[in-house]
Each structure stands twice: as structure tokens, then as C-alpha cells.
file my_file.cif (mmCIF, C-alpha atoms and all ligand atoms)
data_model
loop_
_atom_site.group_PDB
_atom_site.id
_atom_site.type_symbol
_atom_site.label_atom_id
_atom_site.label_comp_id
_atom_site.auth_asym_id
_atom_site.auth_seq_id
_atom_site.Cartn_x
_atom_site.Cartn_y
_atom_site.Cartn_z
ATOM 1 C CA MET G 1 0.000 0.000 0.000
ATOM 2 C CA LYS G 2 1.229 3.488 -0.863
ATOM 3 C CA MET G 3 2.296 5.515 2.144
ATOM 4 C CA ILE G 4 1.799 9.299 2.546
ATOM 5 C CA ASN G 5 4.415 10.729 4.906
ATOM 6 C CA LEU G 6 3.444 13.766 6.973
ATOM 7 C CA ALA G 7 5.755 15.764 9.234
ATOM 8 C CA ILE G 8 4.402 17.979 12.008
ATOM 9 C CA LEU G 9 6.431 21.072 12.903
ATOM 10 C CA PHE G 10 5.765 22.773 16.222
ATOM 11 C CA SER G 11 7.334 25.112 18.788
ATOM 12 C CA GLY G 12 5.210 24.891 21.909
ATOM 13 C CA ASN G 13 2.338 23.117 23.586
ATOM 14 C CA GLY G 14 1.617 20.630 20.806
ATOM 15 C CA SER G 15 -2.098 20.030 21.395
ATOM 16 C CA ASN G 16 -2.826 20.131 17.650
ATOM 17 C CA LEU G 17 0.082 17.775 17.084
ATOM 18 C CA GLU G 18 -1.394 15.289 19.541
ATOM 19 C CA ASN G 19 -4.862 15.583 18.038
ATOM 20 C CA LEU G 20 -3.621 15.142 14.470
ATOM 21 C CA TYR G 21 -1.496 12.162 15.367
ATOM 22 C CA LYS G 22 -4.354 10.451 17.186
ATOM 23 C CA ARG G 23 -6.851 11.200 14.436
ATOM 24 C CA LEU G 24 -4.748 10.461 11.367
ATOM 25 C CA ASN G 25 -1.667 8.357 12.041
ATOM 26 C CA ASP G 26 -1.762 4.975 10.299
ATOM 27 C CA LYS G 27 -5.255 5.653 8.966
ATOM 28 C CA ILE G 28 -6.091 4.519 5.447
ATOM 29 C CA HIS G 29 -7.431 7.243 3.203
ATOM 30 C CA ASN G 30 -8.176 6.629 -0.487
ATOM 31 C CA ASP G 31 -6.168 3.383 -0.425
ATOM 32 C CA LYS G 32 -3.159 5.177 1.030
ATOM 33 C CA MET G 33 -1.746 4.863 4.517
ATOM 34 C CA ILE G 34 -1.223 8.183 6.313
ATOM 35 C CA HIS G 35 1.948 8.038 8.341
ATOM 36 C CA PHE G 36 3.799 10.471 10.608
ATOM 37 C CA PRO G 37 7.453 9.386 10.592
ATOM 38 C CA ILE G 38 8.648 12.513 12.383
ATOM 39 C CA ALA G 39 7.727 15.643 14.316
ATOM 40 C CA ILE G 40 10.175 18.542 14.459
ATOM 41 C CA SER G 41 10.392 21.140 17.216
ATOM 42 C CA SER G 42 12.015 24.550 16.708
ATOM 43 C CA LYS G 43 12.386 24.888 20.498
ATOM 44 C CA LYS G 44 14.345 22.497 22.652
ATOM 45 C CA ASN G 45 12.078 22.910 25.677
ATOM 46 C CA ALA G 46 8.702 22.773 23.915
ATOM 47 C CA TYR G 47 6.048 20.812 25.829
ATOM 48 C CA GLY G 48 5.083 19.105 22.562
ATOM 49 C CA ILE G 49 8.321 17.069 22.792
ATOM 50 C CA LYS G 50 6.926 15.362 25.898
ATOM 51 C CA ARG G 51 3.671 14.699 24.054
ATOM 52 C CA CYS G 52 5.643 13.030 21.236
ATOM 53 C CA GLU G 53 7.347 10.770 23.770
ATOM 54 C CA ASN G 54 3.982 9.772 25.237
ATOM 55 C CA LEU G 55 2.506 9.148 21.806
ATOM 56 C CA GLY G 56 5.479 7.156 20.517
ATOM 57 C CA LEU G 57 5.995 9.741 17.757
ATOM 58 C CA LYS G 58 9.638 10.253 16.848
ATOM 59 C CA CYS G 59 10.687 13.855 17.438
ATOM 60 C CA GLU G 60 13.747 15.757 16.253
ATOM 61 C CA VAL G 61 14.687 19.069 17.818
ATOM 62 C CA LEU G 62 16.059 21.670 15.424
ATOM 63 C CA ASP G 63 16.340 24.533 17.856
ATOM 64 C CA TYR G 64 16.183 27.839 16.017
ATOM 65 C CA ASN G 65 18.422 29.645 18.481
ATOM 66 C CA GLU G 66 21.173 27.093 17.944
ATOM 67 C CA HIS G 67 20.772 26.795 14.159
ATOM 68 C CA LYS G 68 19.872 30.302 13.012
ATOM 69 C CA LEU G 69 22.253 30.173 10.067
ATOM 70 C CA GLY G 70 20.733 28.131 7.252
ATOM 71 C CA TYR G 71 17.763 27.038 9.360
ATOM 72 C CA ASP G 72 15.498 26.365 6.375
ATOM 73 C CA MET G 73 18.202 24.353 4.595
ATOM 74 C CA LYS G 74 18.652 22.123 7.643
ATOM 75 C CA LEU G 75 14.915 21.725 7.894
ATOM 76 C CA MET G 76 14.690 20.759 4.227
ATOM 77 C CA GLU G 77 17.422 18.152 4.655
ATOM 78 C CA LEU G 78 15.535 16.636 7.569
ATOM 79 C CA LEU G 79 12.262 16.573 5.636
ATOM 80 C CA LYS G 80 13.900 15.017 2.596
ATOM 81 C CA GLY G 81 15.596 12.413 4.798
ATOM 82 C CA TYR G 82 12.180 11.271 6.055
ATOM 83 C CA LYS G 83 10.699 11.390 2.532
ATOM 84 C CA ILE G 84 7.996 13.831 3.602
ATOM 85 C CA ASP G 85 5.108 14.410 1.191
ATOM 86 C CA LEU G 86 3.220 17.015 3.216
ATOM 87 C CA VAL G 87 4.411 19.362 5.969
ATOM 88 C CA ILE G 88 1.968 20.308 8.725
ATOM 89 C CA LEU G 89 2.675 23.376 10.848
ATOM 90 C CA ALA G 90 0.985 23.289 14.245
ATOM 91 C CA GLY G 91 2.065 26.199 16.390
ATOM 92 C CA PHE G 92 5.405 26.476 14.558
ATOM 93 C CA MET G 93 6.704 29.942 15.414
ATOM 94 C CA ARG G 94 8.972 30.548 12.417
ATOM 95 C CA ILE G 95 8.345 32.149 9.053
ATOM 96 C CA LEU G 96 9.650 29.854 6.330
ATOM 97 C CA GLY G 97 11.516 31.206 3.300
ATOM 98 C CA ALA G 98 10.600 31.018 -0.375
ATOM 99 C CA GLU G 99 12.845 28.036 -1.139
ATOM 100 C CA ILE G 100 11.379 25.614 1.378
ATOM 101 C CA CYS G 101 7.860 26.788 0.446
ATOM 102 C CA ALA G 102 8.615 25.991 -3.188
ATOM 103 C CA ASN G 103 10.062 22.570 -2.369
ATOM 104 C CA PHE G 104 7.315 21.288 -0.059
ATOM 105 C CA LYS G 105 3.567 21.505 0.222
ATOM 106 C CA ILE G 106 3.109 23.106 3.649
ATOM 107 C CA LEU G 107 -0.099 23.732 5.618
ATOM 108 C CA ASN G 108 -0.715 25.878 8.680
ATOM 109 C CA ILE G 109 -3.566 26.493 11.080
ATOM 110 C CA HIS G 110 -4.197 29.968 12.425
ATOM 111 C CA PRO G 111 -6.664 30.871 15.183
ATOM 112 C CA SER G 112 -8.526 33.662 13.390
ATOM 113 C CA ILE G 113 -10.647 34.317 10.347
ATOM 114 C CA LEU G 114 -7.776 35.213 8.013
ATOM 115 C CA PRO G 115 -6.823 37.701 6.712
ATOM 116 C CA LEU G 116 -7.873 39.254 10.027
ATOM 117 C CA PHE G 117 -5.595 39.103 13.068
ATOM 118 C CA LYS G 118 -2.394 37.673 11.606
ATOM 119 C CA GLY G 119 0.511 36.971 13.953
ATOM 120 C CA ALA G 120 1.075 35.556 17.405
ATOM 121 C CA ASN G 121 -1.722 37.335 19.317
ATOM 122 C CA ALA G 122 -4.644 36.349 17.127
ATOM 123 C CA ILE G 123 -6.803 34.798 19.843
ATOM 124 C CA ARG G 124 -6.609 37.775 22.182
ATOM 125 C CA GLN G 125 -7.092 40.242 19.334
ATOM 126 C CA SER G 126 -10.195 38.539 18.004
ATOM 127 C CA TYR G 127 -11.529 38.126 21.570
ATOM 128 C CA GLU G 128 -11.083 41.854 22.163
ATOM 129 C CA SER G 129 -12.405 42.972 18.773
ATOM 130 C CA TYR G 130 -15.919 44.316 18.248
ATOM 131 C CA MET G 131 -16.714 41.388 15.941
ATOM 132 C CA LYS G 132 -19.562 39.033 16.849
ATOM 133 C CA ILE G 133 -17.800 36.012 15.411
ATOM 134 C CA ALA G 134 -14.306 34.550 15.566
ATOM 135 C CA GLY G 135 -12.815 31.493 13.948
ATOM 136 C CA VAL G 136 -9.908 29.472 12.598
ATOM 137 C CA SER G 137 -8.283 29.116 9.187
ATOM 138 C CA VAL G 138 -6.218 26.392 7.549
ATOM 139 C CA HIS G 139 -4.069 27.682 4.714
ATOM 140 C CA TYR G 140 -1.165 26.845 2.454
ATOM 141 C CA VAL G 141 2.079 28.392 3.642
ATOM 142 C CA ASN G 142 4.070 30.876 1.640
ATOM 143 C CA GLU G 143 6.835 33.214 2.777
ATOM 144 C CA GLU G 144 4.355 35.795 4.083
ATOM 145 C CA LEU G 145 3.246 35.600 7.713
ATOM 146 C CA ASP G 146 -0.088 33.748 7.808
ATOM 147 C CA GLY G 147 -0.408 34.330 4.056
ATOM 148 C CA GLY G 148 -1.107 31.708 1.392
ATOM 149 C CA GLU G 149 -4.284 30.319 -0.101
ATOM 150 C CA ILE G 150 -7.023 29.464 2.392
ATOM 151 C CA ILE G 151 -8.094 25.813 2.431
ATOM 152 C CA ALA G 152 -10.735 25.801 5.163
ATOM 153 C CA GLN G 153 -12.317 28.170 7.685
ATOM 154 C CA ASP G 154 -14.916 27.841 10.374
ATOM 155 C CA ILE G 155 -16.382 30.193 12.935
ATOM 156 C CA ILE G 156 -17.748 30.402 16.453
ATOM 157 C CA HIS G 157 -20.195 32.982 17.750
ATOM 158 C CA LYS G 158 -19.053 35.091 20.634
ATOM 159 C CA ILE G 159 -20.876 34.626 23.927
ATOM 160 C CA LYS G 160 -21.611 37.698 26.028
ATOM 161 C CA ASP G 161 -19.277 38.003 29.050
ATOM 162 C CA GLU G 162 -17.341 34.849 28.117
ATOM 163 C CA SER G 163 -13.844 34.696 29.638
ATOM 164 C CA LEU G 164 -10.781 34.692 27.419
ATOM 165 C CA GLU G 165 -9.943 31.189 28.662
ATOM 166 C CA SER G 166 -13.315 29.782 27.652
ATOM 167 C CA PHE G 167 -13.154 31.575 24.282
ATOM 168 C CA GLU G 168 -9.679 30.149 23.723
ATOM 169 C CA ASP G 169 -10.866 26.624 24.574
ATOM 170 C CA ARG G 170 -13.642 26.915 21.999
ATOM 171 C CA ILE G 171 -11.186 28.150 19.359
ATOM 172 C CA HIS G 172 -8.899 25.195 20.050
ATOM 173 C CA ALA G 173 -11.825 22.745 19.951
ATOM 174 C CA LEU G 174 -12.661 24.111 16.503
ATOM 175 C CA GLU G 175 -9.036 23.676 15.414
ATOM 176 C CA TYR G 176 -9.108 20.012 16.443
ATOM 177 C CA GLU G 177 -12.124 19.462 14.169
ATOM 178 C CA ILE G 178 -11.114 21.489 11.145
ATOM 179 C CA TYR G 179 -7.405 20.619 10.780
ATOM 180 C CA PRO G 180 -7.664 16.848 10.259
ATOM 181 C CA LYS G 181 -10.523 17.362 7.786
ATOM 182 C CA ALA G 182 -8.574 19.994 5.833
ATOM 183 C CA ILE G 183 -5.540 17.694 5.659
ATOM 184 C CA LEU G 184 -7.675 14.895 4.211
ATOM 185 C CA GLU G 185 -9.078 17.351 1.646
ATOM 186 C CA VAL G 186 -5.544 18.298 0.626
ATOM 187 C CA LEU G 187 -4.546 14.622 0.392
ATOM 188 C CA ASP G 188 -7.483 14.072 -1.962
ATOM 189 C CA CYS G 189 -5.794 16.465 -4.383
ATOM 190 C CA THR G 190 -2.271 15.066 -3.811
ATOM 191 C CA ARG G 191 -0.998 12.215 -5.917
HETATM 192 C C1 LIG G 201 -2.846 27.087 17.738
HETATM 193 O O1 LIG G 201 -3.791 27.993 18.243
HETATM 194 C C2 LIG G 201 -2.612 27.310 16.276
HETATM 195 O O2 LIG G 201 -3.726 27.799 15.609
HETATM 196 C C3 LIG G 201 -1.527 28.356 16.266
HETATM 197 O O3 LIG G 201 -0.709 28.025 17.344
HETATM 198 C C4 LIG G 201 -1.465 27.333 18.338
HETATM 199 C C5 LIG G 201 -0.739 26.072 18.635
HETATM 200 O O4 LIG G 201 -1.282 25.398 19.755
HETATM 201 N N1 LIG G 201 -0.838 28.402 15.000
HETATM 202 P P1 LIG G 201 -0.779 23.939 20.094
HETATM 203 O O5 LIG G 201 0.726 24.024 20.245
HETATM 204 O O6 LIG G 201 -1.179 23.038 18.958
HETATM 205 O O7 LIG G 201 -1.444 23.587 21.377
#

call {"tool": "encode", "arguments": {"input": "my_file.cif", "output": "C-alpha cells"}}
result
Amino acid sequence: MKMINLAILFSGNGSNLENLYKRLNDKIHNDKMIHFPIAISSKKNAYGIKRCENLGLKCEVLDYNEHKLGYDMKLMELLKGYKIDLVILAGFMRILGAEICANFKILNIHPSILPLFKGANAIRQSYESYMKIAGVSVHYVNEELDGGEIIAQDIIHKIKDESLESFEDRIHALEYEIYPKAILEVLDCTR
């Protein structure tokens, strides 16, 4: 059976990583086996590393602070070494350059209705905005921060007087639903 190799790149908590692994690893989709041979952390103390250990998912640390020079090249070598077909960013706090974006199909999830609230503070900004809805977006990655074609989006309605924590939990719950589905959609169009 043909195997589709996915790599998850992360920098922090890793809750999307854990969800994706549990939902998709070793699942058969369109006569192909989805497999996660590797996860890569850009931070050596990311909590997601512990999650990988618990899940039995092999994890490599390519710490950005220790490998600033030629970071993307090192990342590409790693991805090629594991014969990766699709790269999944899940809380990966680096902007990737044009070359790696041209060499790999890369997806990202962002906790806002893009193009609104790009960047690292999206959840707080959409919580504090006057908008009545908030949401999440899955998109292809290009060299622009949270740029690239949108693959999937979904929304939640704001609840009056809801705490930031509760709002954040609902955003994450939406991410856990939308990201695996969007990945399967992308795989449908990938040979
Ligand atoms: C998620 O909110 C994701 O949308 C954003 O970074 C966060 C990562 O959370 N890109 P986790 O590390 O998956 O828990």
C-alpha cells in the first residue's frame, strides 16, 4: 500500500500535534496509509516534545536559536531524509523562506478568520475585537506571515461576558475538528 508521509512542525504546547497524530496516524485514506514518521520542534524545551514521547511519535529538535544560520536548509534536509510528502505546521513559530515553500507543500492552522488578526496574538485580538464572530483558518504556507491560499475556515459565535480562557478553549476545539478534515481534503488532491 502506498504511504503518505506527513511531518508535524511545532514550537510549543503541541495540542494540535497530539490531536492530528491520534486522528490520522496509520489511517487509510483513499487506499493510502497516512503516516507520521517525524515531528520537528524549533524549540528544545517545547512541551510538545513530551507529548511526542507519550505518543510514541519520533521527534527531532532543530532549535532555532542554535541553528539560526541556514535554518530552512537544515529543515529541508531533515524533511527530505524522512521522505515527507506534506508538511503540517501546528504552532510552529517561524516564518519559512521562499525556497522551502517551493520545495514542499506546507499547511498551517491559524486561530482567526484570516486575513484578520495575523501573527502571534490572534486569539486575544479577536476576543477583544468588536466582531460578533471569531474562527480558525487552515491555509497553504508561503513566505508571508499567515499568508497563502485558504483551504478551510470555520467560525464560532461570541458569547456575552465569556472569559478569554473559555473563548480560547472553543477556538482550540474548533481547530481540532477542522485541521484533520482539511488535511484529508488536501490529500485528496495530492498524488
Ligand atoms: C494554535 O492555536 C494554532 O492555531 C496556532 O498556534 C497554536 C498552537 O497550539 N498556529 P498547540 O501548540 O497546537 O497547542

call {"tool": "resolve_selection", "arguments": {"input": "my_file.cif", "expression": "the PyMOL selection byres (((chain G and resi 73) around 12) and not hetatm)", "output": "list in words"}}
result
Leu62, His67, Lys68, Leu69, Gly70, Tyr71, Asp72, Lys74, Leu75, Met76, Glu77, Leu78, Leu79, Lys80, Leu96, Gly97, Ala98, Glu99, Ile100, Cys101 and Asn103 of chain G

call {"tool": "residues_around", "arguments": {"input": "my_file.cif", "residues": "Tyr21 in chain G", "least_positions_apart": "6", "cutoff": "12 Å", "atoms": "only C-alpha atoms", "output": "PDB file with C-alpha atoms, in the frame of the given file"}}
result
ATOM      1  CA  LEU G   6       3.444  13.766   6.973  1.00  0.00           C
ATOM      2  CA  ALA G   7       5.755  15.764   9.234  1.00  0.00           C
ATOM      3  CA  ILE G   8       4.402  17.979  12.008  1.00  0.00           C
ATOM      4  CA  GLY G  14       1.617  20.630  20.806  1.00  0.00           C
ATOM      5  CA  SER G  15      -2.098  20.030  21.395  1.00  0.00           C
ATOM      6  CA  LYS G  27      -5.255   5.653   8.966  1.00  0.00           C
ATOM      7  CA  ILE G  34      -1.223   8.183   6.313  1.00  0.00           C
ATOM      8  CA  HIS G  35       1.948   8.038   8.341  1.00  0.00           C
ATOM      9  CA  PHE G  36       3.799  10.471  10.608  1.00  0.00           C
ATOM     10  CA  PRO G  37       7.453   9.386  10.592  1.00  0.00           C
ATOM     11  CA  ILE G  38       8.648  12.513  12.383  1.00  0.00           C
ATOM     12  CA  ALA G  39       7.727  15.643  14.316  1.00  0.00           C
ATOM     13  CA  GLY G  48       5.083  19.105  22.562  1.00  0.00           C
ATOM     14  CA  ARG G  51       3.671  14.699  24.054  1.00  0.00           C
ATOM     15  CA  CYS G  52       5.643  13.030  21.236  1.00  0.00           C
ATOM     16  CA  ASN G  54       3.982   9.772  25.237  1.00  0.00           C
ATOM     17  CA  LEU G  55       2.506   9.148  21.806  1.00  0.00           C
ATOM     18  CA  GLY G  56       5.479   7.156  20.517  1.00  0.00           C
ATOM     19  CA  LEU G  57       5.995   9.741  17.757  1.00  0.00           C
ATOM     20  CA  LYS G  58       9.638  10.253  16.848  1.00  0.00           C
ATOM     21  CA  ILE G  88       1.968  20.308   8.725  1.00  0.00           C
ATOM     22  CA  ALA G  90       0.985  23.289  14.245  1.00  0.00           C
ATOM     23  CA  TYR G 176      -9.108  20.012  16.443  1.00  0.00           C
ATOM     24  CA  TYR G 179      -7.405  20.619  10.780  1.00  0.00           C
ATOM     25  CA  PRO G 180      -7.664  16.848  10.259  1.00  0.00           C
ATOM     26  CA  ILE G 183      -5.540  17.694   5.659  1.00  0.00           C
TER      27      ILE G 183
END

call {"tool": "residues_near_ligand", "arguments": {"input": "my_file.cif", "ligand": "ligand LIG 201 (chain G)", "cutoff": "7 Å", "atoms": "all atoms listed in the file", "output": "number ranges by chain"}}
result
G: 10-17, 48, 90-92, 108-111, 172, 175

call {"tool": "write_last_selection", "arguments": {"input": "my_file.cif", "atoms": "C-alpha atoms", "output": "PDB file, keeping the file's coordinate frame"}}
result
ATOM      1  CA  PHE G  10       5.765  22.773  16.222  1.00  0.00           C
ATOM      2  CA  SER G  11       7.334  25.112  18.788  1.00  0.00           C
ATOM      3  CA  GLY G  12       5.210  24.891  21.909  1.00  0.00           C
ATOM      4  CA  ASN G  13       2.338  23.117  23.586  1.00  0.00           C
ATOM      5  CA  GLY G  14       1.617  20.630  20.806  1.00  0.00           C
ATOM      6  CA  SER G  15      -2.098  20.030  21.395  1.00  0.00           C
ATOM      7  CA  ASN G  16      -2.826  20.131  17.650  1.00  0.00           C
ATOM      8  CA  LEU G  17       0.082  17.775  17.084  1.00  0.00           C
ATOM      9  CA  GLY G  48       5.083  19.105  22.562  1.00  0.00           C
ATOM     10  CA  ALA G  90       0.985  23.289  14.245  1.00  0.00           C
ATOM     11  CA  GLY G  91       2.065  26.199  16.390  1.00  0.00           C
ATOM     12  CA  PHE G  92       5.405  26.476  14.558  1.00  0.00           C
ATOM     13  CA  ASN G 108      -0.715  25.878   8.680  1.00  0.00           C
ATOM     14  CA  ILE G 109      -3.566  26.493  11.080  1.00  0.00           C
ATOM     15  CA  HIS G 110      -4.197  29.968  12.425  1.00  0.00           C
ATOM     16  CA  PRO G 111      -6.664  30.871  15.183  1.00  0.00           C
ATOM     17  CA  HIS G 172      -8.899  25.195  20.050  1.00  0.00           C
ATOM     18  CA  GLU G 175      -9.036  23.676  15.414  1.00  0.00           C
TER      19      GLU G 175
END

call {"tool": "residues_near_point", "arguments": {"input": "my_file.cif", "point": "(4.0, 24.9, 5.0)", "cutoff": "7 Å", "atoms": "only C-alpha atoms", "output": "list in words"}}
result
Val87, Ile88, Leu89, Cys101, Lys105, Ile106, Leu107, Asn108, Tyr140, Val141 and Asn142 of chain G

call {"tool": "closest_residue", "arguments": {"input": "my_file.cif", "among": "G:Ile123, G:Ala46, G:Val136, G:Ala182", "to": "Glu168 in chain G", "atoms": "all atoms listed in the file"}}
result
G:Ile123

call {"tool": "atom_distance", "arguments": {"input": "my_file.cif", "atom1": "CA of Lys43 in chain G", "atom2": "CA of Glu60 in chain G"}}
result
10.2 Å

call {"tool": "resolve_selection", "arguments": {"input": "my_file.cif", "expression": "the PyMOL selection byres (((chain G and resi 132-135) around 6) and not hetatm)", "output": "PyMOL selection string"}}
result
chain G and resi 112-113+131+136+154-158

call {"tool": "resolve_selection", "arguments": {"input": "my_file.cif", "expression": "the PyMOL selection byres (((chain G and resi 95) around 8) and not hetatm)", "output": "ChimeraX atom specification"}}
result
/G:93-94,96-97,143-145

call {"tool": "closest_residue", "arguments": {"input": "my_file.cif", "among": "G:Leu164, G:Leu114, G:Ala173, G:Ile40", "to": "Gly148 in chain G", "atoms": "all atoms listed in the file"}}
result
G:Leu114

call {"tool": "axis_aligned_box", "arguments": {"input": "my_file.cif", "around": "range 13-16 of chain G", "padding_each_side": "5 Å", "output": "lines of an AutoDock Vina configuration file"}}
result
center_x = -0.2
center_y = 21.6
center_z = 20.6
size_x = 15.2
size_y = 13.1
size_z = 15.9

call {"tool": "atom_distance", "arguments": {"input": "my_file.cif", "atom1": "CA of Cys189 in chain G", "atom2": "CA of Tyr82 in chain G"}}
result
21.4 Å

call {"tool": "atom_distance", "arguments": {"input": "my_file.cif", "atom1": "CA of His139 in chain G", "atom2": "CA of Ala152 in chain G"}}
result
6.9 Å

call {"tool": "residues_near_point", "arguments": {"input": "my_file.cif", "point": "(-0.2, 19.4, -7.8)", "cutoff": "12 Å", "atoms": "only C-alpha atoms", "output": "ChimeraX atom specification"}}
result
/G:85-86,102,104-105,186-191
